[in-house]
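This is target.txt (compact mmCIF, C-alpha atoms).
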# COMPACT_ATOMS: atom_id res chain seq x y z
CA MET A 30 0.00 0.00 0.00
CA ILE A 31 1.05 3.61 -0.47
CA LYS A 32 3.08 4.93 2.44
CA TYR A 33 1.77 8.42 3.07
CA PRO A 34 3.31 10.46 5.87
CA SER A 35 1.03 9.47 8.72
CA GLY A 36 -0.91 12.72 8.88
CA ILE A 37 -1.73 12.83 5.19
CA ARG A 38 -2.51 9.13 5.06
CA LYS A 39 -5.00 9.40 7.85
CA LYS A 40 -6.68 12.33 6.12
CA ASN A 41 -6.85 10.48 2.83
CA GLN A 42 -8.13 7.34 4.48
CA LYS A 43 -10.94 9.29 6.00
CA LYS A 44 -11.72 11.01 2.73
CA PHE A 45 -11.65 8.05 0.39
CA ALA A 46 -12.51 5.00 2.44
CA PRO A 47 -16.13 4.01 1.79
CA ARG A 48 -18.18 4.31 4.92
CA ILE A 49 -19.15 0.66 4.82
CA GLN A 50 -15.49 -0.15 5.53
CA SER A 51 -15.23 2.28 8.38
CA LEU A 52 -18.27 0.67 9.95
CA LYS A 53 -16.82 -2.81 9.81
CA THR A 54 -13.12 -2.42 10.26
CA ASN A 55 -10.59 -0.48 12.28
CA SER A 56 -7.21 -0.03 10.71
CA TYR A 57 -4.23 -0.65 12.90
CA LYS A 58 -1.83 2.22 13.19
CA ASN A 59 1.09 1.65 10.79
CA ARG A 60 -0.10 -1.82 9.92
CA GLY A 61 -2.88 -1.18 7.52
CA MET A 62 -4.74 -4.40 8.27
CA SER A 63 -8.17 -4.35 9.84
CA PHE A 64 -8.93 -6.23 13.04
CA GLU A 65 -11.61 -8.23 11.25
CA ARG A 66 -9.16 -9.18 8.50
CA GLU A 67 -6.56 -10.28 11.06
CA ILE A 68 -9.09 -12.49 12.82
CA SER A 69 -10.19 -13.92 9.50
CA LEU A 70 -6.59 -14.78 8.50
CA SER A 71 -5.98 -16.32 11.91
CA ASN A 72 -9.09 -18.47 11.56
CA GLU A 73 -7.94 -19.62 8.12
CA SER A 74 -4.61 -20.53 9.64
CA TYR A 75 -6.30 -22.49 12.45
CA LEU A 76 -8.43 -24.26 9.84
CA GLN A 77 -5.44 -25.24 7.70
CA GLN A 78 -3.51 -26.49 10.70
CA ARG A 79 -6.61 -28.43 11.82
CA ILE A 80 -6.55 -26.68 15.18
CA ALA A 81 -10.07 -25.30 15.13
CA VAL A 82 -13.03 -24.52 12.85
CA ILE A 83 -14.15 -20.99 13.59
CA SER A 84 -16.08 -18.72 11.27
CA LYS A 85 -17.65 -15.30 11.18
CA ARG A 86 -21.39 -15.09 10.94
CA PRO A 87 -22.35 -13.00 7.92
CA THR A 88 -23.86 -9.60 8.71
CA PRO A 89 -27.62 -10.09 8.59
CA ILE A 90 -29.27 -8.06 5.86
CA ASN A 91 -32.96 -7.28 5.59
CA VAL A 92 -33.78 -7.73 1.91
CA VAL A 93 -36.72 -5.58 0.79
CA LYS A 94 -36.60 -5.88 -2.98
CA VAL A 95 -34.97 -8.21 -5.49
CA ASP A 96 -34.90 -7.74 -9.24
CA TYR A 97 -35.16 -11.21 -10.79
CA GLN A 98 -35.01 -9.82 -14.30
CA ARG A 99 -31.38 -9.01 -13.61
CA GLY A 100 -30.11 -12.22 -12.08
CA ALA A 101 -31.52 -11.84 -8.57
CA LYS A 102 -29.99 -8.43 -8.03
CA ILE A 103 -30.90 -7.00 -4.63
CA THR A 104 -32.00 -3.41 -5.21
CA HIS A 105 -33.30 -2.46 -1.77
CA ALA A 106 -32.02 -3.77 1.54
CA TYR A 107 -30.72 -2.71 4.94
CA PHE A 108 -28.02 -3.88 7.32
CA GLU A 109 -29.35 -5.39 10.53
CA LYS A 110 -27.75 -5.70 13.95
CA GLN A 111 -26.33 -9.11 14.79
CA SER A 112 -28.38 -10.48 17.68
CA THR A 113 -25.71 -13.01 18.55
CA THR A 114 -21.95 -12.59 18.47
CA ASP A 115 -19.88 -12.34 15.31
CA TYR A 116 -17.81 -15.51 15.64
CA ASN A 117 -18.37 -19.10 16.67
CA GLY A 118 -16.99 -22.54 16.06
CA ILE A 119 -15.38 -25.62 17.55
CA TYR A 120 -12.07 -25.92 19.39
CA ARG A 121 -10.75 -28.94 21.28
CA GLY A 122 -14.16 -30.53 20.88
CA LYS A 123 -15.87 -27.63 22.61
CA TYR A 124 -18.20 -24.94 21.39
CA LEU A 125 -16.51 -21.55 21.24
CA ASP A 126 -18.19 -18.18 20.80
CA PHE A 127 -16.84 -14.65 20.87
CA GLU A 128 -17.41 -11.05 19.98
CA ALA A 129 -14.55 -8.93 18.63
CA LYS A 130 -14.34 -5.24 19.47
CA SER A 131 -11.70 -2.67 18.83
CA THR A 132 -11.31 0.76 20.34
CA HIS A 133 -9.21 3.82 19.56
CA SER A 134 -9.26 4.78 23.23
CA LYS A 135 -6.06 4.00 25.09
CA THR A 136 -7.74 3.74 28.46
CA ALA A 137 -11.02 1.83 28.16
CA LEU A 138 -13.57 -0.05 26.04
CA ALA A 139 -17.07 1.41 26.11
CA ILE A 140 -19.52 -1.21 27.36
CA ALA A 141 -22.21 0.04 24.96
CA ASN A 142 -20.14 -1.61 22.20
CA ILE A 143 -21.60 -4.94 23.27
CA THR A 144 -25.37 -4.94 22.86
CA ILE A 145 -27.84 -6.32 25.39
CA HIS A 146 -28.72 -9.14 22.98
CA GLN A 147 -25.07 -10.08 22.71
CA ARG A 148 -24.66 -10.08 26.49
CA GLU A 149 -27.66 -12.37 26.84
CA HIS A 150 -26.25 -14.62 24.13
CA LEU A 151 -22.86 -14.84 25.88
CA GLN A 152 -24.59 -15.69 29.18
CA ARG A 153 -26.51 -18.51 27.46
CA ILE A 154 -23.30 -19.95 26.04
CA ILE A 155 -21.73 -19.92 29.51
CA ASP A 156 -24.83 -21.65 30.92
CA GLN A 157 -24.51 -24.36 28.27
CA GLY A 158 -20.85 -24.96 29.12
CA GLY A 159 -19.33 -23.30 26.09
CA ILE A 160 -16.23 -21.14 25.81
CA ALA A 161 -17.37 -17.51 25.60
CA PHE A 162 -15.15 -14.44 25.47
CA LEU A 163 -14.46 -11.00 24.05
CA LEU A 164 -11.52 -10.35 21.76
CA ILE A 165 -10.56 -6.74 22.43
CA SER A 166 -8.18 -4.68 20.33
CA PHE A 167 -6.63 -1.47 21.67
CA VAL A 168 -5.71 -0.10 18.27
CA LYS A 169 -3.44 2.72 19.42
CA ARG A 170 -1.59 0.43 21.80
CA ASP A 171 -1.31 -2.32 19.19
CA GLU A 172 -2.50 -4.80 21.81
CA VAL A 173 -5.19 -7.47 21.68
CA PHE A 174 -6.72 -9.27 24.67
CA VAL A 175 -8.95 -12.25 25.33
CA LEU A 176 -11.37 -11.50 28.17
CA LYS A 177 -13.65 -14.23 29.51
CA ALA A 178 -17.32 -13.37 28.99
CA SER A 179 -17.95 -14.38 32.60
CA ASP A 180 -15.51 -11.69 33.78
CA PHE A 181 -17.13 -9.14 31.47
CA LEU A 182 -20.65 -10.00 32.67
CA GLY A 183 -19.49 -10.04 36.28
CA PHE A 184 -18.09 -6.54 35.84
CA LEU A 185 -21.51 -5.33 34.67
CA THR A 186 -23.20 -6.55 37.84
CA GLN A 187 -20.54 -5.15 40.18
CA GLU A 188 -19.66 -1.81 38.64
CA VAL A 189 -21.61 1.20 37.52
CA ARG A 190 -18.97 2.37 35.05
CA GLN A 191 -19.80 2.80 31.38
CA SER A 192 -16.56 1.25 30.19
CA LEU A 193 -14.04 -1.50 30.91
CA PRO A 194 -10.79 0.14 32.04
CA TYR A 195 -7.67 -0.92 30.15
CA GLU A 196 -5.87 -1.77 33.40
CA TRP A 197 -8.71 -4.06 34.46
CA ILE A 198 -8.64 -5.86 31.10
CA VAL A 199 -4.86 -6.32 31.43
CA ARG A 200 -5.36 -7.84 34.88
CA LYS A 201 -8.33 -10.09 34.10
CA GLY A 202 -7.65 -10.96 30.47
CA LYS A 203 -4.80 -12.53 28.56
CA LYS A 204 -2.74 -10.68 26.01
CA VAL A 205 -2.70 -12.20 22.53
CA LYS A 206 0.68 -12.81 20.92
CA ILE A 207 1.15 -11.43 17.41
CA ARG A 208 2.74 -14.11 15.24
CA LEU A 209 3.01 -14.97 11.58
CA HIS A 210 0.60 -17.93 11.32
CA PRO A 211 -1.79 -17.37 12.91
CA ARG A 212 -1.27 -13.64 13.08
CA LEU A 213 -3.41 -13.28 16.18
CA ASP A 214 -2.86 -16.48 18.16
CA TYR A 215 -5.89 -15.91 20.37
CA LEU A 216 -6.49 -19.62 20.98
CA LYS A 217 -3.24 -19.75 22.97
CA ALA A 218 -4.76 -17.14 25.29
CA VAL A 219 -7.99 -19.17 25.35
CA ASP A 220 -5.95 -22.22 26.45
CA GLU A 221 -4.55 -20.33 29.41
CA LEU A 222 -7.87 -18.83 30.47
CA PHE A 223 -10.20 -21.78 29.94
CA PHE A 224 -8.23 -25.05 29.96
CA MET B 20 -53.98 -18.31 6.45
CA ILE B 21 -56.56 -18.65 3.68
CA LYS B 22 -57.61 -22.24 3.05
CA TYR B 23 -57.78 -22.59 -0.71
CA PRO B 24 -58.81 -25.94 -2.16
CA SER B 25 -55.43 -27.58 -2.51
CA GLY B 26 -55.17 -27.26 -6.28
CA ILE B 27 -56.02 -23.56 -6.34
CA ARG B 28 -53.85 -22.86 -3.35
CA LYS B 29 -50.84 -24.39 -4.97
CA LYS B 30 -51.45 -22.37 -8.12
CA ASN B 31 -51.85 -19.14 -6.17
CA GLN B 32 -48.82 -19.86 -4.07
CA LYS B 33 -46.78 -20.25 -7.18
CA LYS B 34 -48.21 -17.10 -8.69
CA PHE B 35 -47.95 -14.78 -5.72
CA ALA B 36 -45.09 -16.02 -3.59
CA PRO B 37 -42.00 -13.90 -4.23
CA ARG B 38 -39.22 -16.01 -5.68
CA ILE B 39 -36.94 -15.20 -2.79
CA GLN B 40 -39.27 -17.27 -0.62
CA SER B 41 -39.39 -20.18 -3.00
CA LEU B 42 -35.60 -20.27 -2.98
CA LYS B 43 -35.36 -20.50 0.77
CA THR B 44 -38.39 -22.44 1.87
CA ASN B 45 -40.40 -25.48 0.99
CA SER B 46 -43.99 -25.48 2.12
CA TYR B 47 -45.28 -28.62 3.72
CA LYS B 48 -48.28 -30.14 2.10
CA ASN B 49 -51.41 -29.07 4.01
CA ARG B 50 -49.41 -27.43 6.73
CA GLY B 51 -48.37 -24.17 5.17
CA MET B 52 -45.26 -23.75 7.28
CA SER B 53 -41.85 -23.78 5.70
CA PHE B 54 -39.16 -26.20 6.82
CA GLU B 55 -36.89 -23.28 7.68
CA ARG B 56 -39.62 -21.70 9.78
CA GLU B 57 -40.26 -24.94 11.64
CA ILE B 58 -36.58 -25.30 12.46
CA SER B 59 -36.47 -21.69 13.58
CA LEU B 60 -39.46 -22.15 15.91
CA SER B 61 -37.94 -25.34 17.28
CA ASN B 62 -34.67 -23.54 17.99
CA GLU B 63 -36.55 -20.77 19.80
CA SER B 64 -38.28 -23.39 21.86
CA TYR B 65 -34.95 -25.08 22.72
CA LEU B 66 -33.57 -21.66 23.66
CA GLN B 67 -36.49 -20.83 25.96
CA GLN B 68 -36.33 -24.21 27.64
CA ARG B 69 -32.55 -23.76 28.02
CA ILE B 70 -31.94 -27.01 26.20
CA ALA B 71 -29.63 -25.66 23.50
CA VAL B 72 -28.47 -22.48 21.78
CA ILE B 73 -28.69 -23.06 18.04
CA SER B 74 -28.99 -20.40 15.38
CA LYS B 75 -29.12 -20.01 11.65
CA ARG B 76 -26.25 -18.29 9.95
CA PRO B 77 -27.56 -15.36 7.93
CA THR B 78 -27.39 -15.79 4.14
CA PRO B 79 -24.17 -14.10 3.06
CA ILE B 80 -24.78 -11.14 0.78
CA ASN B 81 -22.19 -9.46 -1.41
CA VAL B 82 -22.88 -5.74 -1.03
CA VAL B 83 -21.82 -3.73 -4.09
CA LYS B 84 -23.35 -0.33 -3.46
CA VAL B 85 -24.75 1.51 -0.44
CA ASP B 86 -26.57 4.84 -0.50
CA TYR B 87 -25.57 6.70 2.66
CA GLN B 88 -27.72 9.67 1.76
CA ARG B 89 -30.72 7.47 2.46
CA GLY B 90 -29.81 5.88 5.78
CA ALA B 91 -27.35 3.25 4.54
CA LYS B 92 -29.77 1.80 2.02
CA ILE B 93 -28.21 -1.05 0.06
CA THR B 94 -29.02 -0.43 -3.59
CA HIS B 95 -26.93 -3.11 -5.28
CA ALA B 96 -26.08 -6.51 -3.86
CA TYR B 97 -26.18 -10.23 -4.59
CA PHE B 98 -26.91 -13.37 -2.62
CA GLU B 99 -23.90 -15.62 -2.07
CA LYS B 100 -23.64 -19.33 -1.41
CA GLN B 101 -23.08 -20.36 2.19
CA SER B 102 -19.66 -22.04 2.32
CA THR B 103 -20.45 -23.67 5.63
CA THR B 104 -23.73 -25.18 6.81
CA ASP B 105 -26.82 -23.16 7.70
CA TYR B 106 -27.07 -24.00 11.40
CA ASN B 107 -24.74 -24.35 14.35
CA GLY B 108 -24.71 -23.97 18.08
CA ILE B 109 -24.17 -25.68 21.40
CA TYR B 110 -26.00 -28.67 22.89
CA ARG B 111 -25.06 -30.63 26.01
CA GLY B 112 -21.81 -28.69 26.09
CA LYS B 113 -20.87 -29.87 22.62
CA TYR B 114 -20.56 -28.08 19.32
CA LEU B 115 -23.39 -28.98 16.95
CA ASP B 116 -23.56 -28.26 13.23
CA PHE B 117 -26.07 -29.21 10.58
CA GLU B 118 -27.43 -28.56 7.15
CA ALA B 119 -31.18 -28.71 6.52
CA LYS B 120 -32.49 -29.94 3.19
CA SER B 121 -35.96 -30.71 1.99
CA THR B 122 -37.06 -32.59 -1.09
CA HIS B 123 -40.33 -33.06 -2.93
CA SER B 124 -39.20 -36.46 -4.12
CA LYS B 125 -40.70 -39.40 -2.24
CA THR B 126 -37.83 -41.73 -2.99
CA ALA B 127 -34.51 -39.89 -2.58
CA LEU B 128 -32.54 -36.75 -1.75
CA ALA B 129 -30.25 -35.53 -4.53
CA ILE B 130 -26.67 -35.40 -3.25
CA ALA B 131 -25.98 -32.25 -5.30
CA ASN B 132 -28.12 -30.43 -2.72
CA ILE B 133 -25.15 -30.45 -0.37
CA THR B 134 -22.23 -28.56 -1.90
CA ILE B 135 -18.61 -29.71 -1.87
CA HIS B 136 -17.76 -26.87 0.53
CA GLN B 137 -20.46 -28.02 2.91
CA ARG B 138 -19.25 -31.63 2.76
CA GLU B 139 -15.72 -30.49 3.58
CA HIS B 140 -17.06 -28.37 6.42
CA LEU B 141 -19.02 -31.32 7.87
CA GLN B 142 -15.91 -33.52 7.66
CA ARG B 143 -13.89 -30.90 9.58
CA ILE B 144 -16.51 -30.76 12.31
CA ILE B 145 -16.40 -34.56 12.65
CA ASP B 146 -12.58 -34.40 12.83
CA GLN B 147 -12.83 -31.84 15.65
CA GLY B 148 -15.21 -34.05 17.62
CA GLY B 149 -18.38 -32.08 16.98
CA ILE B 150 -21.91 -33.28 16.31
CA ALA B 151 -22.53 -33.01 12.58
CA PHE B 152 -25.63 -34.10 10.71
CA LEU B 153 -28.17 -33.45 8.00
CA LEU B 154 -31.78 -32.64 8.79
CA ILE B 155 -33.76 -34.01 5.85
CA SER B 156 -37.40 -33.30 5.14
CA PHE B 157 -39.41 -35.46 2.76
CA VAL B 158 -42.13 -32.91 2.16
CA LYS B 159 -44.65 -35.17 0.45
CA ARG B 160 -44.25 -37.85 3.09
CA ASP B 161 -44.44 -35.32 5.91
CA GLU B 162 -41.38 -36.94 7.45
CA VAL B 163 -38.16 -35.44 8.78
CA PHE B 164 -34.95 -37.35 9.54
CA VAL B 165 -31.64 -36.74 11.28
CA LEU B 166 -28.80 -38.40 9.37
CA LYS B 167 -25.28 -38.41 10.80
CA ALA B 168 -22.86 -36.53 8.56
CA SER B 169 -20.44 -39.44 8.91
CA ASP B 170 -23.04 -41.79 7.39
CA PHE B 171 -23.70 -39.30 4.60
CA LEU B 172 -19.99 -38.86 3.82
CA GLY B 173 -19.45 -42.62 4.06
CA PHE B 174 -22.19 -43.15 1.48
CA LEU B 175 -20.38 -40.81 -0.92
CA THR B 176 -17.18 -42.88 -0.78
CA GLN B 177 -18.97 -46.23 -1.13
CA GLU B 178 -21.66 -45.53 -3.67
CA VAL B 179 -21.75 -44.05 -7.12
CA ARG B 180 -25.40 -42.98 -6.89
CA GLN B 181 -26.41 -39.35 -7.30
CA SER B 182 -28.93 -39.44 -4.49
CA LEU B 183 -29.55 -40.83 -1.02
CA PRO B 184 -32.41 -43.35 -1.25
CA TYR B 185 -35.31 -42.82 1.14
CA GLU B 186 -35.09 -46.40 2.39
CA TRP B 187 -31.40 -45.98 3.22
CA ILE B 188 -32.11 -42.76 5.15
CA VAL B 189 -34.87 -44.55 7.09
CA ARG B 190 -32.42 -47.34 7.99
CA LYS B 191 -29.42 -45.19 8.86
CA GLY B 192 -31.11 -42.06 10.23
CA LYS B 193 -33.59 -41.32 12.98
CA LYS B 194 -37.08 -40.03 12.35
CA VAL B 195 -37.92 -36.73 14.05
CA LYS B 196 -41.10 -36.61 16.13
CA ILE B 197 -43.47 -33.75 15.35
CA ARG B 198 -44.58 -32.16 18.62
CA LEU B 199 -45.95 -28.86 19.82
CA HIS B 200 -42.89 -27.31 21.52
CA PRO B 201 -40.51 -27.84 19.88
CA ARG B 202 -42.38 -28.59 16.71
CA LEU B 203 -39.50 -30.58 15.25
CA ASP B 204 -37.84 -32.26 18.20
CA TYR B 205 -34.70 -33.11 16.27
CA LEU B 206 -32.44 -33.03 19.34
CA LYS B 207 -34.23 -36.15 20.61
CA ALA B 208 -33.09 -37.90 17.45
CA VAL B 209 -29.61 -36.43 17.96
CA ASP B 210 -29.58 -37.95 21.47
CA GLU B 211 -30.28 -41.39 20.09
CA LEU B 212 -27.76 -41.18 17.28
CA PHE B 213 -24.86 -39.42 19.04
CA PHE B 214 -25.12 -39.92 22.83
Target format structure tokens, applied to this file:
Amino acid sequence: MIKYPSGIRKKNQKKFAPRIQSLKTNSYKNRGMSFEREISLSNESYLQQRIAVISKRPTPINVVKVDYQRGAKITHAYFEKQSTTDYNGIYRGKYLDFEAKSTHSKTALAIANITIHQREHLQRIIDQGGIAFLLISFVKRDEVFVLKASDFLGFLTQEVRQSLPYEWIVRKGKKVKIRLHPRLDYLKAVDELFF
Amino acid sequence: MIKYPSGIRKKNQKKFAPRIQSLKTNSYKNRGMSFEREISLSNESYLQQRIAVISKRPTPINVVKVDYQRGAKITHAYFEKQSTTDYNGIYRGKYLDFEAKSTHSKTALAIANITIHQREHLQRIIDQGGIAFLLISFVKRDEVFVLKASDFLGFLTQEVRQSLPYEWIVRKGKKVKIRLHPRLDYLKAVDELFF
């Protein structure tokens, strides 16, 4: 990719990047790869190495109108909110389920990022004995953490804060190592937290 | 719903039902509820009774153009093929994954209904120790079966036929009881085949 001086690049990114991208992805500083893309590559790597089968649920879309005269072209539709989490799959024979969130804040992750429906979903997975967690990226720190969903949900019942402090996430969660394959070896952190 | 004499109803259904519906669903004879809808209601019932958390992956859609002037209205997009199966979730602590297919044939299910990608996906789930199966509806017989994915994949290696014979599915699979809640109690059949 073109290496703009950071200021100009940022400006251009903002100007030219389609908004659909900005909604879905969060570019890493100086790395130019989105969090979603990194997770996707890591999952491909896990699949190839037969370590796990984990996939992203497609974004649900409410289709209003389809033009069948032109090869089933959708001409009117809207994005919908995911009522579950974005990722699920199987690892070490167990069901695994997580939501990935990134933040540009250096100090905290806003709790509002995880919807009520998603919190309920995570609680149900815990109740069923599954592995449930958040994968949190602090973009400006270039750090990614696995945080058990049970810790996250426990925080909600004990605290009145509107965000998860970075320091608390560091203490409760497990930092993900950045490698080559998989790029984000988050299952290693899952091993340490859940097994 | 309106009770047309069966002949007229069928004709009207064909005439008025949008094609998007006919692609996704298969109405039961004299019941008027699609297979997909019945599975969805059953999954809701399992969720409410805290028996399992199983959901349908949204149909992936390739979004080409979005009009942000009109509230992120998608104006150009196409349906894509699911590369995995349609359903997955957690049951009895285990990962569960299945593809649902219905046929109007009374004698067989065409194997081409399950794509190569889906077969590979089912094999991977088996390798990881998950519960993988097909949920097969013989619409005209008003019968639904659970068939282990391992039996299905085994058939492919042993036989040169292009379809799974009804009699073979009856012998290898487990018939699903039609109840009130859940309507299709397919997890009971899963219990008998997998546990």
Could you produce a table of the residues of chain B lying within 7 Å of chain A, with the nearest pair of atoms per residue and their separation in Å rounded to one decimal, using all atoms listed in the file, ordered by chain and increasing residue number, as JSON lines?
{"residue": "B:Arg76", "atom": "CA", "partner": "A:Arg86", "partner_atom": "CA", "distance": 5.9}
{"residue": "B:Pro77", "atom": "CA", "partner": "A:Pro89", "partner_atom": "CA", "distance": 5.3}
{"residue": "B:Thr78", "atom": "CA", "partner": "A:Pro87", "partner_atom": "CA", "distance": 6.9}
{"residue": "B:Pro79", "atom": "CA", "partner": "A:Pro87", "partner_atom": "CA", "distance": 5.3}
{"residue": "B:Ala91", "atom": "CA", "partner": "A:Tyr107", "partner_atom": "CA", "distance": 6.9}
{"residue": "B:Lys92", "atom": "CA", "partner": "A:Tyr107", "partner_atom": "CA", "distance": 5.5}
{"residue": "B:Ile93", "atom": "CA", "partner": "A:Ala106", "partner_atom": "CA", "distance": 4.9}
{"residue": "B:Thr94", "atom": "CA", "partner": "A:Thr104", "partner_atom": "CA", "distance": 4.5}
{"residue": "B:His95", "atom": "CA", "partner": "A:Thr104", "partner_atom": "CA", "distance": 5.1}
{"residue": "B:Ala96", "atom": "CA", "partner": "A:Ile103", "partner_atom": "CA", "distance": 4.9}
{"residue": "B:Tyr97", "atom": "CA", "partner": "A:Lys102", "partner_atom": "CA", "distance": 5.4}
{"residue": "B:Ile109", "atom": "CA", "partner": "A:Tyr124", "partner_atom": "CA", "distance": 6.0}
{"residue": "B:Arg111", "atom": "CA", "partner": "A:Gln157", "partner_atom": "CA", "distance": 6.7}
{"residue": "B:Gly112", "atom": "CA", "partner": "A:Gly158", "partner_atom": "CA", "distance": 4.9}
{"residue": "B:Lys113", "atom": "CA", "partner": "A:Lys123", "partner_atom": "CA", "distance": 5.5}
{"residue": "B:Tyr114", "atom": "CA", "partner": "A:Tyr124", "partner_atom": "CA", "distance": 4.4}
{"residue": "B:Gln147", "atom": "CA", "partner": "A:Gly122", "partner_atom": "CA", "distance": 5.6}
{"residue": "B:Gly148", "atom": "CA", "partner": "A:Gly122", "partner_atom": "CA", "distance": 4.9}
{"residue": "B:Gly149", "atom": "CA", "partner": "A:Gly122", "partner_atom": "CA", "distance": 6.0}
> Can you tell me, as an NGL selection string, what residues are no more than 8 Å from A:Leu151 when counting all atoms listed in the file, ignoring any on the same chain fewer than 5 positions away?
Replying inline: :A and (114 or 126-127 or 161-162 or 178)
Q: Quote the spacing between atom CA of A:Arg170 and atom CA of A:Ala141 in Å to one decimal place.
A: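 Atom CA of A:Arg170 sits 20.9 Å away from atom CA of A:Ala141.
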Practice item. Determine, counting all atoms listed in the file, which protein, DNA and RNA residues have an atom within 8 Å of an atom of A:Lys130; residues of the same chain fewer than 2 positions away are not included. Present the result as a PyMOL selection string. Key: chain A and resi 128+132+142+163-166
As a check of understanding: the span from atom CA of B:Phe213 to atom CA of A:Leu216 is 27.1 Å
Which of A:Leu138, A:Leu182, A:Val219, A:Leu70 sits closest to A:Val205 [using all atoms listed in the file]:
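Under the stated criterion, the closest residue is A:Val219.
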